[in-house]
file structure-v3.cif (mmCIF, C-alpha atoms and all ligand atoms)
data_run
#
loop_
_atom_site.label_atom_id
_atom_site.label_comp_id
_atom_site.auth_asym_id
_atom_site.auth_seq_id
_atom_site.Cartn_x
_atom_site.Cartn_y
_atom_site.Cartn_z
CA MET H 11 53.98 31.05 23.36
CA THR H 12 53.90 34.50 21.75
CA VAL H 13 56.14 37.38 22.81
CA GLU H 14 53.12 39.19 24.30
CA GLU H 15 52.02 36.16 26.31
CA ALA H 16 55.55 35.72 27.61
CA GLN H 17 55.82 39.43 28.52
CA LYS H 18 52.49 39.29 30.31
CA ARG H 19 53.50 36.22 32.32
CA ILE H 20 56.89 37.68 33.20
CA LEU H 21 55.51 41.08 34.19
CA SER H 22 52.84 39.48 36.38
CA HIS H 23 55.75 38.64 38.72
CA THR H 24 57.08 42.20 38.70
CA VAL H 25 56.38 45.03 41.16
CA PRO H 26 58.30 48.23 41.90
CA ILE H 27 61.06 47.83 44.48
CA MET H 28 60.01 49.35 47.80
CA PRO H 29 60.51 51.64 49.58
CA PRO H 30 61.58 54.59 47.43
CA GLU H 31 64.74 56.42 48.43
CA SER H 32 65.91 60.02 48.59
CA VAL H 33 68.74 60.85 46.18
CA GLY H 34 70.57 63.91 44.82
CA LEU H 35 69.58 65.44 41.51
CA LEU H 36 72.13 63.74 39.27
CA GLU H 37 71.53 60.37 40.85
CA ALA H 38 67.82 61.00 40.17
CA TRP H 39 68.39 61.29 36.43
CA GLY H 40 66.85 58.30 34.64
CA ARG H 41 64.92 57.20 37.74
CA VAL H 42 61.18 57.46 38.35
CA LEU H 43 59.82 60.15 40.62
CA ALA H 44 58.17 58.77 43.78
CA GLU H 45 56.59 62.01 44.99
CA ASN H 46 54.51 64.81 43.55
CA ILE H 47 56.53 68.01 43.32
CA VAL H 48 54.83 71.26 44.34
CA SER H 49 56.60 74.56 43.76
CA PRO H 50 57.17 76.53 46.98
CA ASP H 51 57.70 79.71 44.96
CA ASP H 52 56.47 81.64 41.98
CA ILE H 53 58.73 81.03 38.98
CA PRO H 54 60.05 83.49 38.00
CA GLY H 55 60.16 84.85 41.52
CA PHE H 56 60.13 88.49 40.41
CA THR H 57 59.18 90.36 37.27
CA ASN H 58 62.28 90.74 35.10
CA SER H 59 63.61 91.61 31.68
CA SER H 60 63.91 89.00 28.93
CA MET H 61 66.28 91.19 26.89
CA ASP H 62 69.28 93.43 27.25
CA GLY H 63 67.82 96.89 26.67
CA PHE H 64 66.04 99.70 28.44
CA ALA H 65 63.21 99.48 30.93
CA VAL H 66 60.59 102.04 29.91
CA LEU H 67 56.97 103.06 30.08
CA ALA H 68 55.41 101.72 26.88
CA ASN H 69 53.17 104.74 26.68
CA ASP H 70 56.21 107.03 26.26
CA LEU H 71 57.17 105.27 23.05
CA SER H 72 53.81 104.99 21.31
CA GLN H 73 54.92 107.35 18.50
CA ALA H 74 58.57 106.25 18.36
CA SER H 75 60.19 105.26 15.04
CA SER H 76 63.64 105.61 13.49
CA ALA H 77 62.39 108.73 11.67
CA ASN H 78 60.87 110.07 14.85
CA PRO H 79 62.95 108.82 17.81
CA VAL H 80 61.84 109.49 21.37
CA THR H 81 64.51 110.72 23.78
CA LEU H 82 64.59 109.28 27.31
CA ARG H 83 66.82 110.11 30.25
CA ILE H 84 68.89 107.15 31.53
CA LYS H 85 68.51 106.96 35.32
CA GLY H 86 70.98 104.12 35.85
CA THR H 87 71.86 100.52 35.05
CA ILE H 88 70.29 97.38 36.52
CA ALA H 89 72.30 94.15 36.44
CA ALA H 90 71.00 90.59 36.91
CA GLY H 91 71.38 89.26 40.43
CA HIS H 92 70.89 92.50 42.31
CA PRO H 93 67.81 93.84 44.06
CA SER H 94 66.04 96.69 42.34
CA PRO H 95 65.12 99.56 44.63
CA HIS H 96 64.76 101.60 41.42
CA SER H 97 61.69 103.27 40.03
CA LEU H 98 61.01 105.35 36.96
CA THR H 99 58.46 107.74 35.65
CA HIS H 100 57.59 109.39 32.29
CA GLY H 101 60.54 110.33 30.13
CA GLU H 102 62.93 108.03 32.00
CA ALA H 103 64.65 104.72 31.24
CA TYR H 104 66.94 102.27 33.01
CA LYS H 105 69.55 100.34 31.15
CA ILE H 106 68.65 96.75 32.06
CA MET H 107 70.23 93.31 31.52
CA THR H 108 68.47 90.03 30.76
CA GLY H 109 67.14 88.54 34.00
CA ALA H 110 67.44 91.77 36.00
CA PRO H 111 64.41 92.87 38.06
CA LEU H 112 62.19 95.41 36.33
CA PRO H 113 62.22 98.77 38.12
CA GLU H 114 58.97 99.90 39.63
CA GLY H 115 56.91 102.02 37.23
CA ALA H 116 58.33 100.39 34.10
CA ASP H 117 56.01 98.15 32.11
CA ALA H 118 58.16 97.15 29.12
CA VAL H 119 61.69 96.74 27.86
CA ILE H 120 62.91 98.04 24.53
CA GLN H 121 65.77 95.88 23.29
CA SER H 122 69.19 97.48 22.74
CA GLU H 123 69.01 96.91 18.98
CA TRP H 124 66.14 99.42 18.77
CA THR H 125 67.91 102.15 20.73
CA GLN H 126 70.80 104.52 20.30
CA ILE H 127 72.69 106.10 23.17
CA THR H 128 73.31 109.80 22.51
CA GLY H 129 75.55 111.87 24.73
CA GLU H 130 75.55 111.59 28.51
CA ASN H 131 72.56 109.76 29.99
CA LEU H 132 70.31 110.05 26.97
CA VAL H 133 68.93 107.26 24.83
CA LEU H 134 66.87 107.37 21.64
CA ALA H 135 64.06 104.84 21.30
CA LEU H 136 63.59 103.96 17.61
CA SER H 137 60.49 101.81 17.89
CA PRO H 138 57.32 101.54 19.96
CA VAL H 139 56.86 98.70 22.47
CA HIS H 140 53.62 97.36 23.86
CA PRO H 141 53.04 97.03 27.61
CA GLY H 142 54.57 93.77 28.82
CA GLN H 143 56.93 93.46 25.85
CA ASN H 144 60.21 91.70 26.77
CA VAL H 145 58.99 91.33 30.35
CA ARG H 146 58.70 88.04 32.24
CA ARG H 147 55.97 88.40 34.86
CA ARG H 148 56.40 86.94 38.31
CA GLY H 149 54.80 83.45 38.36
CA GLN H 150 54.15 83.31 34.62
CA ASP H 151 55.93 79.93 34.29
CA ILE H 152 54.98 78.20 37.55
CA GLN H 153 52.84 79.52 40.40
CA GLN H 154 53.52 79.09 44.08
CA GLY H 155 51.69 75.97 45.30
CA GLU H 156 51.29 74.56 41.79
CA GLN H 157 52.06 70.85 41.27
CA VAL H 158 54.79 70.82 38.61
CA LEU H 159 55.67 67.12 38.46
CA GLN H 160 53.75 63.97 39.12
CA ALA H 161 54.96 60.81 40.84
CA GLY H 162 55.64 58.22 38.14
CA SER H 163 57.42 60.61 35.77
CA VAL H 164 60.74 59.47 34.35
CA ILE H 165 63.36 62.05 35.34
CA LYS H 166 64.91 63.19 32.05
CA SER H 167 67.34 66.10 31.78
CA PRO H 168 64.70 68.88 31.64
CA ILE H 169 63.05 67.46 34.77
CA VAL H 170 66.39 67.53 36.60
CA GLY H 171 66.45 71.24 35.71
CA ILE H 172 62.91 71.85 36.93
CA LEU H 173 63.66 70.11 40.24
CA ALA H 174 66.62 72.46 40.73
CA THR H 175 64.49 75.45 39.71
CA VAL H 176 61.91 74.73 42.41
CA GLY H 177 64.71 74.39 44.97
CA ARG H 178 64.99 70.61 45.32
CA LYS H 179 68.40 69.26 46.21
CA ASN H 180 67.17 65.75 46.91
CA VAL H 181 64.13 63.95 45.63
CA MET H 182 62.28 60.68 46.32
CA VAL H 183 62.73 58.16 43.53
CA TYR H 184 62.09 54.46 43.06
CA ARG H 185 65.10 52.20 43.47
CA LYS H 186 66.96 50.72 40.56
CA PRO H 187 67.32 46.95 40.44
CA THR H 188 70.65 45.18 40.54
CA VAL H 189 71.12 42.63 37.76
CA ALA H 190 73.49 39.70 38.28
CA ILE H 191 74.98 38.36 35.05
CA VAL H 192 76.35 34.83 34.69
CA ALA H 193 77.67 33.56 31.36
CA THR H 194 77.80 29.78 30.96
CA GLY H 195 79.94 27.75 28.55
CA ASP H 196 83.12 25.64 28.54
CA GLU H 197 84.26 27.63 25.52
CA LEU H 198 84.37 31.05 27.20
CA VAL H 199 87.53 33.04 27.72
CA GLU H 200 87.57 36.56 29.15
CA PRO H 201 88.67 39.45 26.94
CA GLY H 202 92.38 40.02 27.49
CA GLU H 203 93.11 36.33 28.04
CA GLU H 204 94.67 34.07 25.47
CA LEU H 205 92.37 32.12 23.14
CA GLU H 206 93.17 28.38 23.18
CA PRO H 207 91.85 26.21 20.32
CA GLY H 208 88.06 25.85 20.44
CA LYS H 209 87.58 28.82 22.76
CA ILE H 210 85.74 32.08 22.10
CA ARG H 211 85.60 35.34 24.00
CA ASN H 212 82.83 35.93 26.47
CA SER H 213 80.98 38.88 24.98
CA ASN H 214 77.50 38.36 26.43
CA THR H 215 78.46 39.32 29.97
CA PHE H 216 79.63 42.72 28.80
CA ALA H 217 76.84 43.33 26.30
CA LEU H 218 74.21 42.41 28.89
CA ALA H 219 75.87 44.54 31.57
CA ALA H 220 75.90 47.51 29.20
CA ALA H 221 72.27 46.89 28.22
CA SER H 222 71.36 46.76 31.93
CA LEU H 223 73.04 50.12 32.48
CA ALA H 224 71.21 51.59 29.48
CA ALA H 225 67.91 50.30 30.87
CA GLY H 226 68.63 52.06 34.18
CA ALA H 227 69.78 49.10 36.33
CA ASP H 228 73.03 48.35 38.17
CA PRO H 229 74.80 45.32 36.66
CA ILE H 230 76.75 42.90 38.85
CA ILE H 231 79.19 40.88 36.78
CA LEU H 232 79.94 37.37 38.06
CA PRO H 233 82.69 35.17 36.60
CA PRO H 234 81.53 32.87 33.78
CA VAL H 235 81.01 29.19 34.60
CA PRO H 236 81.76 26.03 32.65
CA ASP H 237 78.91 23.71 31.64
CA THR H 238 78.63 21.67 34.81
CA ARG H 239 75.50 21.45 36.84
CA GLU H 240 77.30 22.00 40.14
CA MET H 241 79.18 25.10 39.02
CA ILE H 242 76.05 26.61 37.49
CA SER H 243 74.01 25.94 40.61
CA GLN H 244 76.71 27.39 42.84
CA ARG H 245 77.11 30.56 40.74
CA PHE H 246 73.34 31.11 40.63
CA ARG H 247 73.31 30.98 44.45
CA GLN H 248 75.97 33.70 44.48
CA ALA H 249 73.81 35.71 42.08
CA ALA H 250 70.85 35.65 44.44
CA SER H 251 71.90 38.86 46.19
CA ALA H 252 70.75 40.75 43.07
CA ASP H 253 67.16 41.77 42.26
CA ILE H 254 67.25 40.05 38.86
CA ILE H 255 69.40 37.11 37.72
CA LEU H 256 70.49 36.68 34.10
CA SER H 257 72.38 33.78 32.60
CA SER H 258 73.46 33.36 29.02
CA GLY H 259 73.89 30.10 27.17
CA GLY H 260 73.13 26.52 28.14
CA VAL H 261 69.36 26.88 27.88
CA SER H 262 68.69 24.95 24.70
CA ILE H 263 68.51 21.19 24.08
CA GLY H 264 72.24 20.45 23.94
CA ASP H 265 73.79 17.67 26.02
CA PHE H 266 75.43 20.20 28.35
CA ASP H 267 72.59 22.69 28.68
CA TRP H 268 72.05 22.59 32.45
CA VAL H 269 70.41 25.94 33.12
CA LYS H 270 66.81 24.75 32.93
CA ASN H 271 67.54 21.72 35.11
CA VAL H 272 69.04 23.90 37.81
CA LEU H 273 66.16 26.36 37.56
CA SER H 274 63.51 23.60 37.83
CA ALA H 275 65.28 21.87 40.70
CA GLU H 276 66.10 24.94 42.79
CA GLY H 277 63.33 27.31 41.74
CA SER H 278 60.54 27.17 39.19
CA LEU H 279 60.68 27.13 35.41
CA GLU H 280 57.72 29.29 34.36
CA LEU H 281 58.26 29.43 30.65
CA TRP H 282 60.64 28.10 28.06
CA ARG H 283 60.69 28.81 24.34
CA VAL H 284 58.97 31.77 22.76
CA ASN H 285 57.79 31.92 19.18
CA MET H 286 60.40 34.44 18.08
CA LYS H 287 63.55 34.69 16.01
CA PRO H 288 66.18 35.16 17.29
CA GLY H 289 65.81 34.09 20.92
CA LYS H 290 63.50 31.09 20.79
CA PRO H 291 65.15 29.07 23.61
CA VAL H 292 64.74 31.82 26.23
CA ALA H 293 63.66 30.59 29.68
CA PHE H 294 62.09 32.45 32.58
CA GLY H 295 61.35 31.43 36.12
CA MET H 296 61.77 32.29 39.78
CA LEU H 297 65.05 31.33 41.40
CA HIS H 298 65.91 32.06 45.03
CA ASN H 299 62.77 34.26 45.01
CA ARG H 300 64.04 36.39 42.18
CA PRO H 301 63.07 36.71 38.55
CA PHE H 302 65.50 34.59 36.60
CA PHE H 303 66.14 34.81 32.85
CA GLY H 304 67.98 32.06 31.02
CA LEU H 305 68.97 33.95 27.89
CA PRO H 306 70.27 32.08 24.84
CA GLY H 307 74.01 32.06 24.22
CA ASN H 308 74.07 33.49 20.73
CA PRO H 309 75.03 37.11 21.27
CA VAL H 310 72.22 38.54 19.17
CA SER H 311 69.62 36.25 20.75
CA ALA H 312 70.85 37.26 24.20
CA LEU H 313 70.41 40.97 23.44
CA VAL H 314 67.06 40.65 21.64
CA THR H 315 65.58 38.61 24.51
CA PHE H 316 67.06 41.11 26.97
CA GLU H 317 65.33 43.90 25.04
CA LEU H 318 61.95 42.16 24.92
CA PHE H 319 61.81 40.55 28.36
CA VAL H 320 64.48 41.84 30.75
CA ARG H 321 64.32 45.55 29.98
CA PRO H 322 60.54 45.71 30.69
CA VAL H 323 61.13 44.05 34.08
CA ILE H 324 63.89 46.54 34.93
CA ARG H 325 61.64 49.46 33.97
CA MET H 326 58.68 48.04 35.96
CA MET H 327 60.87 47.48 39.04
CA MET H 328 61.85 51.15 38.74
CA ALA H 329 58.10 51.95 38.60
CA ASP H 330 58.15 53.09 34.97
CA ASP H 331 54.89 51.81 33.56
CA GLN H 332 55.81 53.14 30.09
CA TRP H 333 58.12 50.19 29.54
CA GLN H 334 57.01 49.59 25.97
CA ARG H 335 59.30 50.88 23.26
CA THR H 336 57.85 53.27 20.70
CA ILE H 337 56.56 51.31 17.70
CA LEU H 338 56.19 53.06 14.35
CA ARG H 339 54.97 51.73 11.05
CA LEU H 340 57.61 52.54 8.45
CA PRO H 341 57.97 51.69 4.77
CA LEU H 342 60.62 49.19 3.74
CA TYR H 343 63.59 50.59 1.85
CA GLU H 344 64.55 47.36 0.07
CA PRO H 345 62.75 44.06 -0.50
CA PHE H 346 62.71 41.70 2.50
CA SER H 347 62.10 38.14 1.44
CA GLU H 348 62.74 35.98 4.52
CA VAL H 349 59.59 34.17 5.64
CA HIS H 350 59.54 32.31 8.98
CA ASP H 351 57.01 30.57 11.16
CA ARG H 352 58.33 32.59 14.12
CA ARG H 353 58.04 36.35 14.61
CA HIS H 354 61.24 37.86 13.32
CA TYR H 355 62.99 40.77 15.04
CA VAL H 356 65.19 42.15 12.30
CA ARG H 357 68.16 44.40 13.09
CA SER H 358 67.72 47.50 10.97
CA ARG H 359 68.76 51.05 10.27
CA LEU H 360 66.53 54.05 9.71
CA VAL H 361 67.20 55.88 6.47
CA GLN H 362 65.97 59.22 5.28
CA ASP H 363 65.34 59.51 1.55
CA GLY H 364 63.91 62.84 0.50
CA ASP H 365 61.18 63.70 3.00
CA ASN H 366 60.54 60.10 3.98
CA LEU H 367 61.89 57.85 6.68
CA TYR H 368 62.39 54.18 5.79
CA ILE H 369 63.37 51.01 7.58
CA TRP H 370 66.38 49.24 6.11
CA PRO H 371 67.21 45.77 7.45
CA TYR H 372 70.79 44.54 7.55
CA LYS H 373 71.55 41.75 5.12
CA LYS H 374 73.03 39.30 7.64
CA GLN H 375 70.37 38.30 10.17
CA ASP H 376 71.96 35.14 11.60
CA SER H 377 71.74 35.22 15.40
CA ALA H 378 75.49 34.70 15.75
CA VAL H 379 76.30 37.70 13.54
CA GLN H 380 77.17 40.59 15.83
CA SER H 381 78.29 43.00 13.13
CA SER H 382 74.67 43.66 12.12
CA TRP H 383 74.10 45.33 15.48
CA ILE H 384 76.63 48.04 14.70
CA GLY H 385 74.56 51.07 13.86
CA ALA H 386 71.24 49.26 14.30
CA GLU H 387 68.71 51.74 15.64
CA ALA H 388 65.63 49.61 15.43
CA LEU H 389 64.18 46.13 15.26
CA MET H 390 61.74 45.61 12.41
CA VAL H 391 59.00 43.25 13.57
CA VAL H 392 57.99 40.77 10.85
CA PRO H 393 54.85 38.79 11.78
CA GLU H 394 55.07 35.00 11.70
CA ASN H 395 54.32 33.36 8.33
CA SER H 396 54.23 36.68 6.51
CA GLY H 397 56.11 38.11 3.54
CA PRO H 398 57.93 38.40 1.27
CA TYR H 399 57.71 42.19 1.42
CA GLN H 400 58.38 44.81 -1.24
CA PRO H 401 59.88 48.30 -0.93
CA GLY H 402 57.25 50.68 0.45
CA ASP H 403 55.38 47.96 2.38
CA LEU H 404 54.66 49.16 5.91
CA LEU H 405 56.03 47.16 8.84
CA PRO H 406 56.09 47.76 12.60
CA VAL H 407 59.43 49.04 13.86
CA MET H 408 60.61 49.10 17.48
CA LEU H 409 62.84 52.09 18.09
CA LEU H 410 65.82 51.24 20.28
CA THR H 411 67.08 54.80 20.66
CA GLY H 412 66.53 57.21 23.50
CA ASP H 413 66.40 55.41 26.84
CA VAL H 414 66.76 58.53 28.90
CA SER H 415 67.74 61.99 27.77
P1 LIG H 501 74.33 28.00 23.81
O1 LIG H 501 73.09 28.79 23.99
O2 LIG H 501 75.08 27.74 25.07
O3 LIG H 501 74.09 26.75 23.02
O4 LIG H 501 75.30 28.90 22.92
C1 LIG H 501 74.92 29.28 21.62
C2 LIG H 501 76.09 29.94 20.91
O5 LIG H 501 76.42 31.13 21.58
C3 LIG H 501 77.34 29.10 20.89
O6 LIG H 501 77.96 29.27 19.65
C4 LIG H 501 78.15 29.68 22.00
O7 LIG H 501 79.54 29.45 21.81
C5 LIG H 501 77.81 31.14 21.94
N1 LIG H 501 77.96 31.76 23.24
C6 LIG H 501 77.51 31.25 24.42
N2 LIG H 501 77.82 32.05 25.45
C7 LIG H 501 78.48 33.12 24.92
C8 LIG H 501 79.05 34.30 25.48
N3 LIG H 501 79.01 34.52 26.80
N4 LIG H 501 79.66 35.17 24.65
C9 LIG H 501 79.71 34.92 23.33
N5 LIG H 501 79.16 33.85 22.73
C10 LIG H 501 78.56 32.93 23.52
MG MG H 502 76.61 26.55 25.78
#
call {"tool": "encode", "arguments": {"input": "structure-v3.cif", "output": "structure tokens", "more": "lines below"}}
Ligand code: AMP
Ligand code: MG
result
Amino acid sequence: MTVEEAQKRILSHTVPIMPPESVGLLEAWGRVLAENIVSPDDIPGFTNSSMDGFAVLANDLSQASSANPVTLRIKGTIAAGHPSPHSLTHGEAYKIMTGAPLPEGADAVIQSEWTQITGENLVLALSPVHPGQNVRRRGQDIQQGEQVLQAGSVIKSPIVGILATVGRKNVMVYRKPTVAIVATGDELVEPGEELEPGKIRNSNTFALAAASLAAGADPIILPPVPDTREMISQRFRQAASADIILSSGGVSIGDFDWVKNVLSAEGSLELWRVNMKPGKPVAFGMLHNRPFFGLPGNPVSALVTFELFVRPVIRMMMADDQWQRTILRLPLYEPFSEVHDRRHYVRSRLVQDGDNLYIWPYKKQDSAVQSSWIGAEALMVVPENSGPYQPGDLLPVMLLTGDVS
């Protein structure tokens, strides 16, 4: 089965979690908007100055220059945040701050840099301004009644700002899934505990929990289980309170790999083995009515299969239909000579050389080598049975950066 076929099968089981919920603005960050947002007001709500300077009538300054300054009488000062009962007429100016309401009669602002205050209440204008210069008109950004945001948008930082601007304190968003994480393996010891001979530290639980957070979900960490069918079955039942269940390890063809047996017996095994490297032994099915992923135990395989199969499900459950990562075609920086009969997801860096961006794979690509993830910003996607490749050859690259900003 190809990665695309597996994704299609897995996503055919996935729908957004209903109903949406109302949350505060910061909680909304990274979630998907579940309502259209209409502005109740004009933005800006009043015509105001975009500069510190002097509110004037543009016509008064049509001949102004530094050689031929125009003298205006200063009627007062207008600060931001205060109503403006002021008005001016020919020959007059108000000192005005950025964001302060324009006085009636004024049609432009000359910035401070082009003026010179002389004596009491007099200012010299050293340059002409055109009508509307340095003025933000009421409603020029957003008009009252205008739809500013559409349901389905991912709420990134600027959208949080726009929601606040149009007066929203709470907003309807789709829910985020909870992801239960169960590591399997007799060899696992928790970080902080002593390593006995033959044991290794459980890293997958933490890597997968962090990846779940980055994808927008809420991880639920369950204690790891040894390789016994009973313990695995019992822990998976505990995991069934979550929206998605992940296990790591025990899904291959080893003598103690019980995950698939438990899945088949207590749920349904929908797919096993995908034509990819790393991550081939990945399994997917429904368990206790939830999507279940049996991720391989090798730390790199666990994260690559999370990226390709679990992250899309998390995004879809949050109603983000843009779950695909950005794929670019980039030139290789160095030769890449590995050829495989499976599609190879190669941990890589991006490098800039001169004006060009290149993809630069790490040397060690073994699926147990975690150090090649450090600094990896992308997975280079090498098609099955292709290569070797030379510097400059173009290859598809999945960008891993920028979940939500
Ligand atoms: P498995 O898929 O159970 O055959 O495990 C494959 C490899 O991944 C073995 O070398 C395991 O020791 C290792 N492994 C399994 N689970 C974890 C884990 N939670 N953290 C780190 N390494 C693991
Ligand atoms: Mg194992």
call {"tool": "residues_around", "arguments": {"input": "structure-v3.cif", "residues": "Ser75 in chain H", "least_positions_apart": "4", "cutoff": "8 Å", "atoms": "only C-alpha atoms", "output": "PDB file with C-alpha atoms, in the frame of the given file"}}
result
ATOM      1  CA  PRO H  79      62.950 108.820  17.810  1.00  0.00           C
ATOM      2  CA  VAL H  80      61.840 109.490  21.370  1.00  0.00           C
ATOM      3  CA  ALA H 135      64.060 104.840  21.300  1.00  0.00           C
ATOM      4  CA  LEU H 136      63.590 103.960  17.610  1.00  0.00           C
ATOM      5  CA  SER H 137      60.490 101.810  17.890  1.00  0.00           C
ATOM      6  CA  PRO H 138      57.320 101.540  19.960  1.00  0.00           C
TER       7      PRO H 138
END
call {"tool": "closest_atom_pairs", "arguments": {"input": "structure-v3.cif", "of": "range 186-304 of chain H", "to": "range 347-366 of chain H", "cutoff": "10 Å", "atoms": "only C-alpha atoms", "output": "tab-separated table"}}
result
residue	atom	partner	partner_atom	distance
H:Val284	CA	H:Arg352	CA	8.7
H:Asn285	CA	H:Arg352	CA	5.1
H:Met286	CA	H:Arg353	CA	4.6
H:Lys287	CA	H:His354	CA	4.8
H:Pro288	CA	H:Tyr355	CA	6.8
H:Gly289	CA	H:Tyr355	CA	9.3
H:Lys290	CA	H:Arg352	CA	8.6
call {"tool": "write_last_selection", "arguments": {"input": "structure-v3.cif", "atoms": "C-alpha atoms", "output": "mmCIF file, in the coordinates of the input"}}
result
data_model
loop_
_atom_site.group_PDB
_atom_site.id
_atom_site.type_symbol
_atom_site.label_atom_id
_atom_site.label_comp_id
_atom_site.auth_asym_id
_atom_site.auth_seq_id
_atom_site.Cartn_x
_atom_site.Cartn_y
_atom_site.Cartn_z
ATOM 1 C CA VAL H 284 58.970 31.770 22.760
ATOM 2 C CA ASN H 285 57.790 31.920 19.180
ATOM 3 C CA MET H 286 60.400 34.440 18.080
ATOM 4 C CA LYS H 287 63.550 34.690 16.010
ATOM 5 C CA PRO H 288 66.180 35.160 17.290
ATOM 6 C CA GLY H 289 65.810 34.090 20.920
ATOM 7 C CA LYS H 290 63.500 31.090 20.790
#
call {"tool": "closest_residue", "arguments": {"input": "structure-v3.cif", "among": "H:Glu14, H:Asp267, H:Glu203, H:Glu37", "to": "ligand LIG 501 (chain H)", "atoms": "all atoms listed in the file"}}
result
H:Asp267
call {"tool": "residues_near_ligand", "arguments": {"input": "structure-v3.cif", "ligand": "ligand LIG 501 (chain H)", "cutoff": "6 Å", "atoms": "all atoms listed in the file", "output": "list in words"}}
result
Ala193, Thr194, Gly195, Arg211, Asn212, Ser213, Asn214, Thr215, Ser258, Gly259, Gly260, Val261, Ser262, Pro306, Gly307, Asn308 and Pro309 of chain H
call {"tool": "residues_around", "arguments": {"input": "structure-v3.cif", "residues": "range 105-118 of chain H", "least_positions_apart": "6", "cutoff": "7 Å", "atoms": "all atoms listed in the file", "output": "PyMOL selection string"}}
result
chain H and resi 56-68+84+86-91+93-94+96-99+139-145
call {"tool": "closest_residue", "arguments": {"input": "structure-v3.cif", "among": "H:Ile210, H:Ala227, H:Ile384, H:Ala77", "to": "ligand MG 502 (chain H)", "atoms": "only C-alpha atoms and all ligand atoms"}}
result
H:Ile210
call {"tool": "residues_around", "arguments": {"input": "structure-v3.cif", "residues": "Asp51 in chain H", "least_positions_apart": "2", "cutoff": "10 Å", "atoms": "only C-alpha atoms", "output": "list in words"}}
result
Val48, Ser49, Ile53, Pro54, Gly55, Arg148, Gly149, Ile152, Gln153, Gln154, Gly155, Glu156, Thr175, Val176 and Gly177 of chain H
call {"tool": "atom_distance", "arguments": {"input": "structure-v3.cif", "atom1": "CA of Lys166 in chain H", "atom2": "CA of Gly40 in chain H"}}
result
5.9 Å
call {"tool": "closest_residue", "arguments": {"input": "structure-v3.cif", "among": "H:Val323, H:Ala225, H:Met408, H:Leu340", "to": "Ser22 in chain H", "atoms": "only C-alpha atoms"}}
result
H:Val323
call {"tool": "atom_distance", "arguments": {"input": "structure-v3.cif", "atom1": "CA of Pro406 in chain H", "atom2": "CA of Val13 in chain H"}}
result
14.6 Å
call {"tool": "atom_distance", "arguments": {"input": "structure-v3.cif", "atom1": "CA of Ala250 in chain H", "atom2": "CA of Ala217 in chain H"}}
result
20.6 Å
